[in-house]
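Visitor: I'd like to ask some things about the structure below.
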Amino acid sequence: MQSILIVGAGFAGAVFARQLAEAGYRCQVIDRRPHIAGNAFDGVGANGIRIHRYGPHLFHTNNKAVVDWLSRFTEFVPYQHKVEALLADGRCLPMPINRQTLERLFKVELPDAEAAQAFLRTLAVPIEAPANAAEHLLSQIGPDLTDLFFRPYTKKMWELDLEEMDASVVKRIPLRFDDEDRYFPNDQYQFMFRGGYTKAFERILDHPSITVETGREFEKAMLRDFDHCFNSMPIDEYFGYEYGPLPYRSIRFHHREVPADQGVGYATTINFTDAGPLTRETDWSRIPDHVVRETGRKTLTAEEPCDYRDNAMERYYPVKTSDGRYQAVYEKYKALAEKVGECSFIGRCGTYQYLDMHQVINQSLMHVDKWIEARK
């Protein structure tokens with residue numbers, strides 16, 4: 001039986017471990033953090049509310065294969081995520097922008113989707129080939145909406161102006177012309193994991209051929225004891241920052257307890273449109289299966305973006321610029337990894353990608369199954 005080292009007990013590492021174990025490999029999973037589940041780690045606080053320690057994780061996908069795989073390890077609780085933007089005057093408007101957002105903000109009557117679309121065309125700036133996030137937004141929604149909903153948020157989130165950002169960063173955000181106020185309306189499967197993500201990870205990693213050690217740092221000397229390594233640590237860190245560090249944005253989380261009946265708007269997440277340091281706040285009690293015990297109190301969690309070097313090297317979001325300069329650095333690390341061949345790099349930090357949960361799972365299933373098949 002071959003032995004495989006897996007660095008990281010998040011979604012990528014857990015999927016690799018489970019698939020390899022079921023294929024007859026012995027897997028040792030290590031993680032530098034004191035827990036499994038990576039950034040999806042959650043738990044119930046003293047006030048009876050389930051909290052995701054590293055920010056809200058909301059599962060949504062159209063990939064049935066991923067859902068079928070997950071169904072082996074968890075039950076699903078239906079959930080349709082909604083977001084509102086808090087304006088300076090205290091009003092909360094639907095995000096992403098929809099017909100209601102336009103009517104309430106500009107005080108106009110737009111009787112249907114066609115009218116909303118036509119109104120947006122009067123605001124948009126004709127740009128044939130948008131070269132960055134600013135030009136993409138201007139070509140879609142014009143300067144007023146761009147400056148209100150995206151410019152301050154982007155600056156504090158990324159410490160970059162919209163003109164410096166790759167258009168793909170904002171293309172992820174949908175634009176609606178009807179009254180649809182769900183954040184992921186086009187995804188067939190939207191749910192939370194009953195009992196939390198951590199419980200699901202415990203089941204995924206519960207296999208006689210899988211051993212898990214948390215609070216354990218990776219050392220290259222470990223490679224001598226294994227036939228192969230799948231590594232989700234930051235690829236630049238692994239190679240001693242030979243080509244320079246790959247930048248990430250990180251998040252400081254600010255929790256506060258309030259009475260259970262207190263709150264702003266109706267959505268789970270409130271985005272802040274001001275130039276202050278906070279980007280958004282999550283009301284955990286508005287997510288199903290998160291009020292585990294009624295105490296009359298609830299937790300609100302606000303997010304303050306920062307450089308990962310100012311937050312104990314906690315890496316959350318790879319930085320994507322319009323000129324692709326950091327992607328070019330990653331490509332050098334990728335080529336070096338392929339040349340050395342000591343590890344296969346996986347996951348968000350190993351591949352320097354921003355990936356939703358379903359994307360990590362799908363990518364990991366495809367990668368590990370291909371690796372197993374090639375060795376039969």
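Identifiers in this document derive from the order of the structure tokens: chains are assigned A, B, ..., residues are numbered from 1 separately in each chain, and ligands are numbered from 1 in order of occurrence.
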Can I get the residues of segment 158-179 of chain A within 10 Å of segment 125-133 of chain A, each with the closest pair of atoms and their distance in Å to one decimal, using only C-alpha atoms, sorted chain first then ascending number, as a Markdown table?

Guide:
| residue | atom | partner | partner_atom | distance |
| --- | --- | --- | --- | --- |
| A:Asp161 | CA | A:Ala133 | CA | 8.9 |
| A:Leu162 | CA | A:Ala133 | CA | 5.3 |
| A:Glu163 | CA | A:Asn132 | CA | 5.7 |
| A:Glu164 | CA | A:Asn132 | CA | 6.7 |
| A:Met165 | CA | A:Ala133 | CA | 5.3 |
| A:Asp166 | CA | A:Asn132 | CA | 5.0 |
| A:Ala167 | CA | A:Ala133 | CA | 3.8 |
| A:Ser168 | CA | A:Ala133 | CA | 7.2 |
| A:Val169 | CA | A:Ala133 | CA | 7.0 |
| A:Val170 | CA | A:Ala133 | CA | 6.1 |
| A:Lys171 | CA | A:Ala133 | CA | 8.0 |

Visitor: Those same residues - all heavy atoms - I'd like them written as a compact mmCIF listing (two decimals), in the first residue's frame.

Guide:
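Final output, saved to result-v8.txt:
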# COMPACT_ATOMS: atom_id res chain seq x y z
N ASP A 161 -7.38 50.43 -7.03
CA ASP A 161 -8.48 51.10 -7.71
C ASP A 161 -9.07 50.17 -8.75
O ASP A 161 -8.42 49.23 -9.21
CB ASP A 161 -7.97 52.38 -8.38
CG ASP A 161 -7.58 53.45 -7.36
OD1 ASP A 161 -8.28 53.58 -6.34
OD2 ASP A 161 -6.56 54.12 -7.59
N LEU A 162 -10.32 50.44 -9.13
CA LEU A 162 -10.97 49.61 -10.14
C LEU A 162 -10.17 49.55 -11.43
O LEU A 162 -10.16 48.53 -12.12
CB LEU A 162 -12.38 50.14 -10.42
CG LEU A 162 -13.45 49.82 -9.37
CD1 LEU A 162 -14.69 50.66 -9.62
CD2 LEU A 162 -13.79 48.34 -9.39
N GLU A 163 -9.48 50.64 -11.74
CA GLU A 163 -8.69 50.67 -12.98
C GLU A 163 -7.52 49.68 -12.95
O GLU A 163 -6.99 49.30 -13.99
CB GLU A 163 -8.16 52.09 -13.22
CG GLU A 163 -9.21 53.08 -13.68
CD GLU A 163 -10.14 53.55 -12.56
OE1 GLU A 163 -9.87 53.24 -11.38
OE2 GLU A 163 -11.13 54.23 -12.86
N GLU A 164 -7.10 49.29 -11.75
CA GLU A 164 -5.98 48.35 -11.61
C GLU A 164 -6.43 46.89 -11.55
O GLU A 164 -5.61 45.99 -11.62
CB GLU A 164 -5.20 48.66 -10.33
CG GLU A 164 -4.60 50.05 -10.26
CD GLU A 164 -3.98 50.31 -8.92
OE1 GLU A 164 -2.80 49.97 -8.74
OE2 GLU A 164 -4.67 50.85 -8.03
N MET A 165 -7.74 46.68 -11.41
CA MET A 165 -8.25 45.34 -11.21
C MET A 165 -8.61 44.66 -12.52
O MET A 165 -9.11 45.31 -13.45
CB MET A 165 -9.51 45.37 -10.33
CG MET A 165 -9.28 45.89 -8.91
SD MET A 165 -8.23 44.79 -7.95
CE MET A 165 -9.17 43.28 -8.01
N ASP A 166 -8.39 43.35 -12.57
CA ASP A 166 -8.81 42.58 -13.72
C ASP A 166 -10.33 42.56 -13.79
O ASP A 166 -11.03 42.45 -12.76
CB ASP A 166 -8.28 41.15 -13.61
CG ASP A 166 -8.51 40.36 -14.89
OD1 ASP A 166 -7.69 40.46 -15.80
OD2 ASP A 166 -9.54 39.66 -14.96
N ALA A 167 -10.88 42.65 -14.99
CA ALA A 167 -12.34 42.70 -15.16
C ALA A 167 -13.02 41.45 -14.62
O ALA A 167 -14.20 41.49 -14.20
CB ALA A 167 -12.69 42.90 -16.63
N SER A 168 -12.32 40.31 -14.59
CA SER A 168 -12.92 39.07 -14.12
C SER A 168 -13.39 39.16 -12.68
O SER A 168 -14.31 38.45 -12.26
CB SER A 168 -11.93 37.91 -14.26
OG SER A 168 -10.80 38.11 -13.43
N VAL A 169 -12.77 40.03 -11.90
CA VAL A 169 -13.13 40.16 -10.49
C VAL A 169 -14.56 40.67 -10.34
O VAL A 169 -15.31 40.20 -9.47
CB VAL A 169 -12.15 41.11 -9.75
CG1 VAL A 169 -12.57 41.31 -8.30
CG2 VAL A 169 -10.73 40.55 -9.82
N VAL A 170 -14.97 41.61 -11.18
CA VAL A 170 -16.33 42.16 -11.06
C VAL A 170 -17.32 41.45 -11.99
O VAL A 170 -18.53 41.56 -11.79
CB VAL A 170 -16.34 43.68 -11.34
CG1 VAL A 170 -15.61 44.42 -10.23
CG2 VAL A 170 -15.72 44.01 -12.69
N LYS A 171 -16.82 40.74 -12.98
CA LYS A 171 -17.72 39.99 -13.85
C LYS A 171 -18.44 38.89 -13.10
O LYS A 171 -19.49 38.40 -13.54
CB LYS A 171 -16.96 39.41 -15.04
CG LYS A 171 -16.62 40.42 -16.12
CD LYS A 171 -15.90 39.76 -17.29
CE LYS A 171 -15.61 40.76 -18.39
NZ LYS A 171 -14.89 40.12 -19.52

Visitor: What lies within 10 Å of Thr198 of chain A using only C-alpha atoms, ignoring chain neighbours under 5 positions off, as an NGL selection string?

Guide: :A and (10 or 35-38 or 40-43 or 52 or 193 or 203-204)

Visitor: Which residues are near segment 105-108 of chain A? Cut-off 9 Å, only C-alpha atoms, ignore same chain within fewer than 4 positions. Put them as a list in words.

Guide: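 Those residues are Leu93, Gln100 and Thr101 of chain A.
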
Visitor: Filtering to N, CA, C and O atoms, could you give me those residues as a compact mmCIF listing (two decimals), in the first residue's frame?

Guide:
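Contents of again30.txt, as written:
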# COMPACT_ATOMS: atom_id res chain seq x y z
N LEU A 93 -30.51 48.60 -0.05
CA LEU A 93 -30.97 48.29 -1.40
C LEU A 93 -30.45 46.93 -1.84
O LEU A 93 -29.35 46.52 -1.44
N GLN A 100 -35.49 46.91 -8.60
CA GLN A 100 -35.84 47.63 -7.37
C GLN A 100 -34.72 48.58 -6.95
O GLN A 100 -34.98 49.70 -6.48
N THR A 101 -33.48 48.13 -7.08
CA THR A 101 -32.35 48.99 -6.74
C THR A 101 -32.41 50.28 -7.54
O THR A 101 -32.24 51.38 -6.99

Visitor: If we count only C-alpha atoms, what is near Ile6 of chain A at a cut-off of 10 Å, once residues fewer than 3 positions away on the same chain are taken out, given as JSON, numbers by chain?

Guide: {"A": [3, 9, 12, 13, 14, 16, 17, 27, 28, 29, 30, 31, 212, 218, 226, 228, 229, 230, 231, 232, 233, 343, 344, 345, 346]}

Visitor: Using DSSP on the backbone coordinates, identify all residues within segment 164-354 of chain A classified as helix (DSSP H, G or I); present the result as a PyMOL selection string.

Guide: chain A and resi 164+168-171+197-204+220-225+235-238+284-286+308-310+325-340+347-351

Visitor: Write out as a ChimeraX atom specification which residues come within 12 Å of Ala118 of chain A when counting only C-alpha atoms, dropping same-chain ones fewer than 5 positions away.

Guide: /A:99,102,110-113,123-124,140-141,177

Visitor: Produce a file of the selected residues containing N, CA, C and O atoms, as a PDB file, in the first residue's frame.

Guide:
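See out27.pdb below for the written result:
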ATOM      1  N   ARG A  99     -33.969  45.684 -10.635  1.00  0.00           N
ATOM      2  CA  ARG A  99     -34.924  46.743 -10.972  1.00  0.00           C
ATOM      3  C   ARG A  99     -35.294  47.574  -9.743  1.00  0.00           C
ATOM      4  O   ARG A  99     -35.399  48.815  -9.820  1.00  0.00           O
ATOM      5  N   LEU A 102     -32.649  50.154  -8.838  1.00  0.00           N
ATOM      6  CA  LEU A 102     -32.676  51.330  -9.711  1.00  0.00           C
ATOM      7  C   LEU A 102     -33.842  52.249  -9.376  1.00  0.00           C
ATOM      8  O   LEU A 102     -33.684  53.477  -9.305  1.00  0.00           O
ATOM      9  N   LEU A 110     -39.890  51.975 -13.256  1.00  0.00           N
ATOM     10  CA  LEU A 110     -39.450  51.051 -14.305  1.00  0.00           C
ATOM     11  C   LEU A 110     -40.378  49.848 -14.254  1.00  0.00           C
ATOM     12  O   LEU A 110     -40.176  48.931 -13.455  1.00  0.00           O
ATOM     13  N   PRO A 111     -41.415  49.830 -15.068  1.00  0.00           N
ATOM     14  CA  PRO A 111     -42.477  48.834 -14.927  1.00  0.00           C
ATOM     15  C   PRO A 111     -42.065  47.398 -15.219  1.00  0.00           C
ATOM     16  O   PRO A 111     -42.733  46.471 -14.752  1.00  0.00           O
ATOM     17  N   ASP A 112     -40.989  47.197 -15.964  1.00  0.00           N
ATOM     18  CA  ASP A 112     -40.611  45.825 -16.285  1.00  0.00           C
ATOM     19  C   ASP A 112     -39.105  45.751 -16.553  1.00  0.00           C
ATOM     20  O   ASP A 112     -38.380  46.758 -16.503  1.00  0.00           O
ATOM     21  N   ALA A 113     -38.635  44.532 -16.846  1.00  0.00           N
ATOM     22  CA  ALA A 113     -37.209  44.311 -17.073  1.00  0.00           C
ATOM     23  C   ALA A 113     -36.695  45.097 -18.275  1.00  0.00           C
ATOM     24  O   ALA A 113     -35.567  45.596 -18.270  1.00  0.00           O
ATOM     25  N   LEU A 123     -27.340  55.138 -18.665  1.00  0.00           N
ATOM     26  CA  LEU A 123     -26.273  55.428 -17.695  1.00  0.00           C
ATOM     27  C   LEU A 123     -24.919  54.931 -18.166  1.00  0.00           C
ATOM     28  O   LEU A 123     -23.873  55.495 -17.799  1.00  0.00           O
ATOM     29  N   ALA A 124     -24.913  53.867 -18.966  1.00  0.00           N
ATOM     30  CA  ALA A 124     -23.666  53.202 -19.349  1.00  0.00           C
ATOM     31  C   ALA A 124     -22.807  54.073 -20.268  1.00  0.00           C
ATOM     32  O   ALA A 124     -23.318  54.920 -21.013  1.00  0.00           O
ATOM     33  N   GLN A 140     -21.343  48.797 -18.309  1.00  0.00           N
ATOM     34  CA  GLN A 140     -22.569  48.097 -17.946  1.00  0.00           C
ATOM     35  C   GLN A 140     -23.546  48.969 -17.162  1.00  0.00           C
ATOM     36  O   GLN A 140     -24.754  48.933 -17.407  1.00  0.00           O
ATOM     37  N   ILE A 141     -23.025  49.766 -16.203  1.00  0.00           N
ATOM     38  CA  ILE A 141     -23.917  50.473 -15.276  1.00  0.00           C
ATOM     39  C   ILE A 141     -23.616  51.959 -15.151  1.00  0.00           C
ATOM     40  O   ILE A 141     -24.328  52.681 -14.447  1.00  0.00           O
ATOM     41  N   PHE A 177     -32.235  42.708 -14.276  1.00  0.00           N
ATOM     42  CA  PHE A 177     -33.159  43.732 -14.766  1.00  0.00           C
ATOM     43  C   PHE A 177     -34.575  43.500 -14.233  1.00  0.00           C
ATOM     44  O   PHE A 177     -35.473  44.293 -14.482  1.00  0.00           O
TER      45      PHE A 177
END

Visitor: Compile the contact shell of Gly215 of chain A as a VMD selection string: residues with an atom at most 7 Å away, counting only C-alpha atoms, same-chain residues fewer than 5 positions apart removed.

Guide: chain A and resid 31 to 34

Visitor: Using all heavy atoms, can you export the residues from the last selection as an mmCIF file, in the first residue's frame?

Guide:
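The resulting file, selection.cif, is reproduced below:
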data_model
loop_
_atom_site.group_PDB
_atom_site.id
_atom_site.type_symbol
_atom_site.label_atom_id
_atom_site.label_comp_id
_atom_site.auth_asym_id
_atom_site.auth_seq_id
_atom_site.Cartn_x
_atom_site.Cartn_y
_atom_site.Cartn_z
ATOM 1 N N ASP A 31 -2.213 19.586 8.887
ATOM 2 C CA ASP A 31 -2.647 20.975 8.723
ATOM 3 C C ASP A 31 -2.000 21.805 9.812
ATOM 4 O O ASP A 31 -1.985 21.404 10.982
ATOM 5 C CB ASP A 31 -4.177 21.096 8.806
ATOM 6 C CG ASP A 31 -4.680 22.396 8.197
ATOM 7 O OD1 ASP A 31 -4.326 23.471 8.727
ATOM 8 O OD2 ASP A 31 -5.420 22.345 7.205
ATOM 9 N N ARG A 32 -1.477 22.954 9.438
ATOM 10 C CA ARG A 32 -0.801 23.815 10.415
ATOM 11 C C ARG A 32 -1.774 24.419 11.420
ATOM 12 O O ARG A 32 -1.393 24.779 12.530
ATOM 13 C CB ARG A 32 -0.027 24.928 9.708
ATOM 14 C CG ARG A 32 -0.906 25.903 8.931
ATOM 15 C CD ARG A 32 -0.124 27.097 8.396
ATOM 16 N NE ARG A 32 0.980 26.709 7.531
ATOM 17 C CZ ARG A 32 1.655 27.562 6.765
ATOM 18 N NH1 ARG A 32 1.324 28.842 6.750
ATOM 19 N NH2 ARG A 32 2.646 27.144 5.996
ATOM 20 N N ARG A 33 -3.028 24.545 11.025
ATOM 21 C CA ARG A 33 -4.033 25.048 11.964
ATOM 22 C C ARG A 33 -4.425 23.960 12.967
ATOM 23 O O ARG A 33 -4.212 22.778 12.708
ATOM 24 C CB ARG A 33 -5.280 25.512 11.201
ATOM 25 C CG ARG A 33 -5.092 26.820 10.445
ATOM 26 C CD ARG A 33 -6.287 27.070 9.559
ATOM 27 N NE ARG A 33 -6.306 28.421 9.002
ATOM 28 C CZ ARG A 33 -7.109 28.820 8.029
ATOM 29 N NH1 ARG A 33 -7.972 27.954 7.504
ATOM 30 N NH2 ARG A 33 -7.071 30.052 7.563
ATOM 31 N N PRO A 34 -5.039 24.344 14.088
ATOM 32 C CA PRO A 34 -5.407 23.351 15.105
ATOM 33 C C PRO A 34 -6.730 22.654 14.837
ATOM 34 O O PRO A 34 -7.315 22.055 15.737
ATOM 35 C CB PRO A 34 -5.484 24.190 16.384
ATOM 36 C CG PRO A 34 -5.913 25.546 15.916
ATOM 37 C CD PRO A 34 -5.241 25.733 14.571
#

Visitor: May I ask for the distance between atom CA of Val360 of chain A and atom CA of Phe11 of chain A, given in Å to one decimal place?

Guide: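 Between these atoms lies a distance of 6.7 Å.
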
Visitor: What does the distance between atom CA of Tyr352 of chain A and atom CA of Val340 of chain A come to in Å, to one decimal place?

Guide: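 These atoms are spaced 18.3 Å apart.
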
Visitor: May I ask which of the residues A:Phe76, A:Glu202, A:Gln2, A:Ala221 is the closest one to Val15 of chain A, counting only C-alpha atoms?

Guide: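 Between A:Phe76, A:Glu202, A:Gln2, A:Ala221, the residue approaching Val15 of chain A most closely is A:Glu202.
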
Visitor: Which residue gives the smallest distance to Phe150 of chain A among A:Asn62, A:Asn98, A:Asn271, A:Asn186, with only C-alpha atoms counted?

Guide: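 Ranked by minimum distance to Phe150 of chain A, first place goes to A:Asn271.
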
Visitor: Just how far from atom CA of Glu242 of chain A is atom CA of Gly341 of chain A, in Å to one decimal?

Guide: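 Answer for the atom CA of Gly341 of chain A to atom CA of Glu242 of chain A separation: 16.4 Å.
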
Visitor: Which one of A:His81, A:Arg280, A:His60, A:Lys156 sits closest to Asp307 of chain A if you count only C-alpha atoms?

Guide: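 When distances to Asp307 of chain A are compared using only C-alpha atoms, the smallest one comes from A:Lys156.
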
Visitor: For Ile173 of chain A, which residue among A:Ala65, A:Ile97, A:Leu86, A:Ala267 is the nearest when counting only C-alpha atoms?

Guide: A:Ile97
